[in-house]
Amino acid sequence: MKDIIEIRWHGRGGQGAKTAALLFGEAALDTGMYIQAFPEYGPERTGAPVQSFNRLSKKPIRIHSGITNPDIVLVLDPTLVKKVNVLEGLPEDGVIIINTSKSPQEIREELGIQGRKVFTVDAYDIAMRTIGRPIPNTPMLGALIKATGILDFEKMLESVRAKLQRKFRTRPEIVDKNIEAIKLAYQETKGEE
Amino acid sequence: MKIKALTANEAMAEAMRQINPDVVAAYPITPATEIVQHFASFVADGLVTTEFVPVESEHSAMSACIGAAAAGARVMTSTASQGLALMHEVLYIAAALRLPIVICEINRALSAPINIHCDHSDTFGARDSGWIQIYSEDSQEAYDSVIQAVKIAEEAFLPVMVTADGFILSHAMQRIEVLEDEEVKEFLGEPKTPYTVLDTDNPITVGPLDLQDYFFEHKRQEAEAMRLAPPIIEKVGKEFGERFGRYYGLVDPYRLEDAEVAVVVMGSTAGTAKEVVDKLREEGKPAGLLRMRVLRPLPLKEIVENLRDKKVIGVMDRAEGMSGFGGPLYTEIRSGLYDVPSHPPLYNYIYGLGGRDIKPEEIEEIFKELFDAAAGKEIPLVNYKGVRE
């Protein structure tokens, strides 16, 4: 494992890209890692392209600059792939995980991606089946673990469950639905042959 | 001790909860809003016994803090940028009345143009107000320093502002070791106040007219208090380290002893620059770094001791002093080394204004230019890194 793993999340304002980075950061912390989780702060408008970031390391993290060469990129909205350069700074051996109904091969052709590892998951469909609303951020956590194995899946689930339970104290059913969405995404994430 | 994932805002608010001040008077402002917001929740949830005074401006916030501190209360507030600027005239009053008030300050650029992101122009603007200033490299230090600040303020009888870089730290979650409430309480002990206007058996007047007859003496005493503050800051930092394992001093030298080229830097950029120093060291280049944790009082002795024998020094300023001659930290360090015979040449790098990201590659470029200067190449004294021009 590299000294520091860097992750970039692309989403649209309101999709929970920031929350995903925070949930994932906290889950990594719970497994004993040093972490950073931070959003990009621009003018925040619902629907506008936004980014958030994670750093993970086994050692204390001292660096405080922005992330320009992430090891992993997650895209929470399929329409972003043609709007934003989601591949920017992603090295040849980097991983990109996209919320889309398309297959990794289709995405690779569509974007003309050379190298890199491409994964896809239909996070909207999963969210509609479980949460009942097209909220892609929690399913993408499941896809992230499936694609990279960066954290222990069960431990991540446990941490996210605890965090969501604090947030939705009066609505426990929301917690269960999100956990179900993460599990489904973990099962349904597609890589390349 | 508990390990939590917190932002600097959350960590500083948590420190305030554990300190449980008698009075907090505050007016929220980006990017420090969450500090006040979280603390207000602690008040509403009954987790603190603090008298919380929601005021109509930062000027009123500091004025209320001054009144409460003069009554003998342990007092804190939080602000940033324009808020600190609006407090400006009352900051001097808090310091001159020797009131141990603590501000959790989040560094943010001053307008115009309007900007909510990090630079150090706000606290540099308050540099000469008589407040002790402590700058944090990361959110752990921000948390630790807020706790220390209360003790420093109550021993020096001077107010203290602890700063953390806006958004870069204030809104970035990191791993924080949070002390137990009891540990904080024991470390701080009972509040110590210089006087109280509420002692009716010994009535005093606070803040009266003080003209040609005594004003000068009072200012002389205030200056003396600042001159005597460094050992107090060091003692509290050492005691904190002995109890909790994290030691703090006036400055933070990094791989400096045998360095030939050094940069002087404050705040979160110091962490990024330490990574660069490590990289250069691996390449066999004798690079080092001095982080200024405390800017007021100016740690003159430490500046001289750490930098006197370097070949070339670069001072990184996250503020433009508008002096026509570089940033404020540059002139301070330059002046600090004046008495060293054949002192090293100093170059200024102004960077990161209004939150402009500073990348490791850019800090590496700065070091490269400084190494070139050490090899005899002529470079400008004042440089701007990362600006389009």
# chains A, B, ... in the order shown; residues from 1 in each chain; ligands from 1
$ interface_residues --of "chain A" --to "chain B" --cutoff "10 Å" --atoms "only C-alpha atoms" --output "PyMOL selection string"
chain A and resi 21-23+25-30+32-42+53-56+60-68
$ select_by_dssp --residues "range 82-140 of chain A" --states "strand (DSSP E or B)" --output "list in words"
Val95, Ile96, Ile97, Ile98, Asn99, Lys117, Val118, Phe119, Thr120 and Val121 of chain A
$ residues_around --residues "range 135-137 of chain A" --least-positions-apart "4" --cutoff "12 Å" --atoms "only C-alpha atoms" --output "ChimeraX atom specification"
/A:9-24,52,74-78,98-100,121-131,141-144,160,174,177-179,181-182,185
$ residues_around --residues "range 89-98 of chain B" --least-positions-apart "2" --cutoff "10 Å" --atoms "only C-alpha atoms" --output "PyMOL selection string"
chain B and resi 58-63+65-67+69-70+84-87+100-101+126+128-132+153-154+156-160+193-195+206-207+218-219+221-223+225-226
$ residues_around --residues "Arg116 in chain A" --least-positions-apart "3" --cutoff "6 Å" --atoms "only C-alpha atoms" --output "PyMOL selection string"
chain A and resi 92-95
$ write_last_selection --atoms "all heavy atoms" --output "tab-separated table (two decimals), in the first residue's frame"
chain	number	residue	atom	x	y	z
A	92	GLU	N	-2.25	6.13	-14.54
A	92	GLU	CA	-2.51	4.91	-15.35
A	92	GLU	C	-3.02	3.75	-14.51
A	92	GLU	O	-3.85	2.97	-14.97
A	92	GLU	CB	-1.21	4.48	-16.05
A	92	GLU	CG	-0.94	5.24	-17.33
A	92	GLU	CD	-1.94	4.90	-18.43
A	92	GLU	OE1	-1.96	3.75	-18.86
A	92	GLU	OE2	-2.70	5.81	-18.82
A	93	ASP	N	-2.53	3.64	-13.28
A	93	ASP	CA	-2.96	2.52	-12.43
A	93	ASP	C	-4.08	2.93	-11.46
A	93	ASP	O	-4.39	2.22	-10.53
A	93	ASP	CB	-1.77	1.93	-11.66
A	93	ASP	CG	-1.13	2.94	-10.73
A	93	ASP	OD1	-1.46	4.15	-10.85
A	93	ASP	OD2	-0.32	2.53	-9.87
A	94	GLY	N	-4.69	4.10	-11.72
A	94	GLY	CA	-5.76	4.59	-10.86
A	94	GLY	C	-7.06	3.84	-11.08
A	94	GLY	O	-7.23	3.12	-12.06
A	95	VAL	N	-8.00	4.04	-10.15
A	95	VAL	CA	-9.29	3.36	-10.20
A	95	VAL	C	-10.39	4.40	-10.36
A	95	VAL	O	-10.38	5.41	-9.66
A	95	VAL	CB	-9.53	2.55	-8.90
A	95	VAL	CG1	-10.93	1.94	-8.88
A	95	VAL	CG2	-8.46	1.48	-8.73
$ select_by_dssp --residues "range 6-184 of chain A" --states "alpha helix (DSSP H)" --output "ChimeraX atom specification"
/A:17-30,104-111,123-130,137-148,153-167,172-184
$ residues_around --residues "Glu182 in chain B" --least-positions-apart "2" --cutoff "12 Å" --atoms "only C-alpha atoms" --output "PyMOL selection string"
chain B and resi 1+17-20+178-180+184-189
$ closest_residue --among "B:Tyr143, B:Tyr347, B:Tyr135, B:Tyr254" --to "Ala164 in chain B" --atoms "only C-alpha atoms"
B:Tyr135
$ closest_atom_pairs --of "range 248-357 of chain B" --to "range 148-151 of chain B" --cutoff "12 Å" --atoms "only C-alpha atoms" --output "JSON lines"
{"residue": "B:Tyr248", "atom": "CA", "partner": "B:Gln148", "partner_atom": "CA", "distance": 9.6}
{"residue": "B:Gly249", "atom": "CA", "partner": "B:Gln148", "partner_atom": "CA", "distance": 11.3}
{"residue": "B:Val294", "atom": "CA", "partner": "B:Ala149", "partner_atom": "CA", "distance": 11.4}
$ write_last_selection --atoms "N, CA, C and O atoms" --output "mmCIF file, in the first residue's frame"
data_model
loop_
_atom_site.group_PDB
_atom_site.id
_atom_site.type_symbol
_atom_site.label_atom_id
_atom_site.label_comp_id
_atom_site.auth_asym_id
_atom_site.auth_seq_id
_atom_site.Cartn_x
_atom_site.Cartn_y
_atom_site.Cartn_z
ATOM 1 N N TYR B 248 4.551 21.247 23.188
ATOM 2 C CA TYR B 248 4.489 22.437 22.335
ATOM 3 C C TYR B 248 5.431 23.518 22.849
ATOM 4 O O TYR B 248 5.540 23.731 24.061
ATOM 5 N N GLY B 249 6.100 24.204 21.915
ATOM 6 C CA GLY B 249 6.975 25.310 22.275
ATOM 7 C C GLY B 249 6.574 26.569 21.525
ATOM 8 O O GLY B 249 5.494 26.662 20.955
ATOM 9 N N VAL B 294 4.161 30.584 17.699
ATOM 10 C CA VAL B 294 3.769 31.812 18.389
ATOM 11 C C VAL B 294 4.349 32.991 17.626
ATOM 12 O O VAL B 294 5.541 33.009 17.321
#
$ residues_around --residues "range 29-39 of chain B" --least-positions-apart "3" --cutoff "10 Å" --atoms "only C-alpha atoms" --output "JSON, numbers by chain"
{"B": [7, 8, 9, 10, 11, 12, 13, 14, 15, 16, 17, 20, 24, 25, 26, 42, 43, 44, 45, 47, 48, 50, 52, 54, 57, 58, 77, 78, 79, 80, 81, 82, 83, 84, 104, 105, 106, 107, 108, 116, 117, 118, 164, 165, 166, 167, 169, 170, 171]}
$ atom_distance --atom1 "CA of Tyr349 in chain B" --atom2 "CA of Ser323 in chain B"
14.5 Å
$ decode --residues "range 217-228 of chain B" --atoms "N, CA and C atoms" --output "PDB file, in the first residue's frame"
ATOM      1  N   GLU B 217       3.008  54.771  31.674  1.00  0.00           N
ATOM      2  CA  GLU B 217       3.385  53.717  32.631  1.00  0.00           C
ATOM      3  C   GLU B 217       2.548  52.450  32.403  1.00  0.00           C
ATOM      4  N   HIS B 218       1.268  52.649  32.141  1.00  0.00           N
ATOM      5  CA  HIS B 218       0.415  51.473  31.934  1.00  0.00           C
ATOM      6  C   HIS B 218       0.810  50.723  30.665  1.00  0.00           C
ATOM      7  N   LYS B 219       1.143  51.468  29.611  1.00  0.00           N
ATOM      8  CA  LYS B 219       1.580  50.817  28.373  1.00  0.00           C
ATOM      9  C   LYS B 219       2.912  50.096  28.586  1.00  0.00           C
ATOM     10  N   ARG B 220       3.776  50.739  29.383  1.00  0.00           N
ATOM     11  CA  ARG B 220       5.078  50.124  29.681  1.00  0.00           C
ATOM     12  C   ARG B 220       4.883  48.785  30.406  1.00  0.00           C
ATOM     13  N   GLN B 221       3.913  48.759  31.321  1.00  0.00           N
ATOM     14  CA  GLN B 221       3.637  47.516  32.066  1.00  0.00           C
ATOM     15  C   GLN B 221       3.061  46.442  31.148  1.00  0.00           C
ATOM     16  N   GLU B 222       2.187  46.872  30.226  1.00  0.00           N
ATOM     17  CA  GLU B 222       1.585  45.919  29.286  1.00  0.00           C
ATOM     18  C   GLU B 222       2.690  45.303  28.416  1.00  0.00           C
ATOM     19  N   ALA B 223       3.621  46.161  27.960  1.00  0.00           N
ATOM     20  CA  ALA B 223       4.731  45.662  27.137  1.00  0.00           C
ATOM     21  C   ALA B 223       5.584  44.680  27.934  1.00  0.00           C
ATOM     22  N   GLU B 224       5.742  44.969  29.213  1.00  0.00           N
ATOM     23  CA  GLU B 224       6.537  44.076  30.073  1.00  0.00           C
ATOM     24  C   GLU B 224       5.839  42.718  30.216  1.00  0.00           C
ATOM     25  N   ALA B 225       4.526  42.740  30.328  1.00  0.00           N
ATOM     26  CA  ALA B 225       3.770  41.473  30.436  1.00  0.00           C
ATOM     27  C   ALA B 225       4.001  40.640  29.179  1.00  0.00           C
ATOM     28  N   MET B 226       4.008  41.268  28.020  1.00  0.00           N
ATOM     29  CA  MET B 226       4.236  40.541  26.765  1.00  0.00           C
ATOM     30  C   MET B 226       5.672  40.014  26.734  1.00  0.00           C
ATOM     31  N   ARG B 227       6.607  40.835  27.226  1.00  0.00           N
ATOM     32  CA  ARG B 227       8.017  40.415  27.239  1.00  0.00           C
ATOM     33  C   ARG B 227       8.207  39.184  28.137  1.00  0.00           C
ATOM     34  N   LEU B 228       7.408  39.094  29.189  1.00  0.00           N
ATOM     35  CA  LEU B 228       7.542  37.985  30.141  1.00  0.00           C
ATOM     36  C   LEU B 228       6.701  36.761  29.751  1.00  0.00           C
TER      37      LEU B 228
END
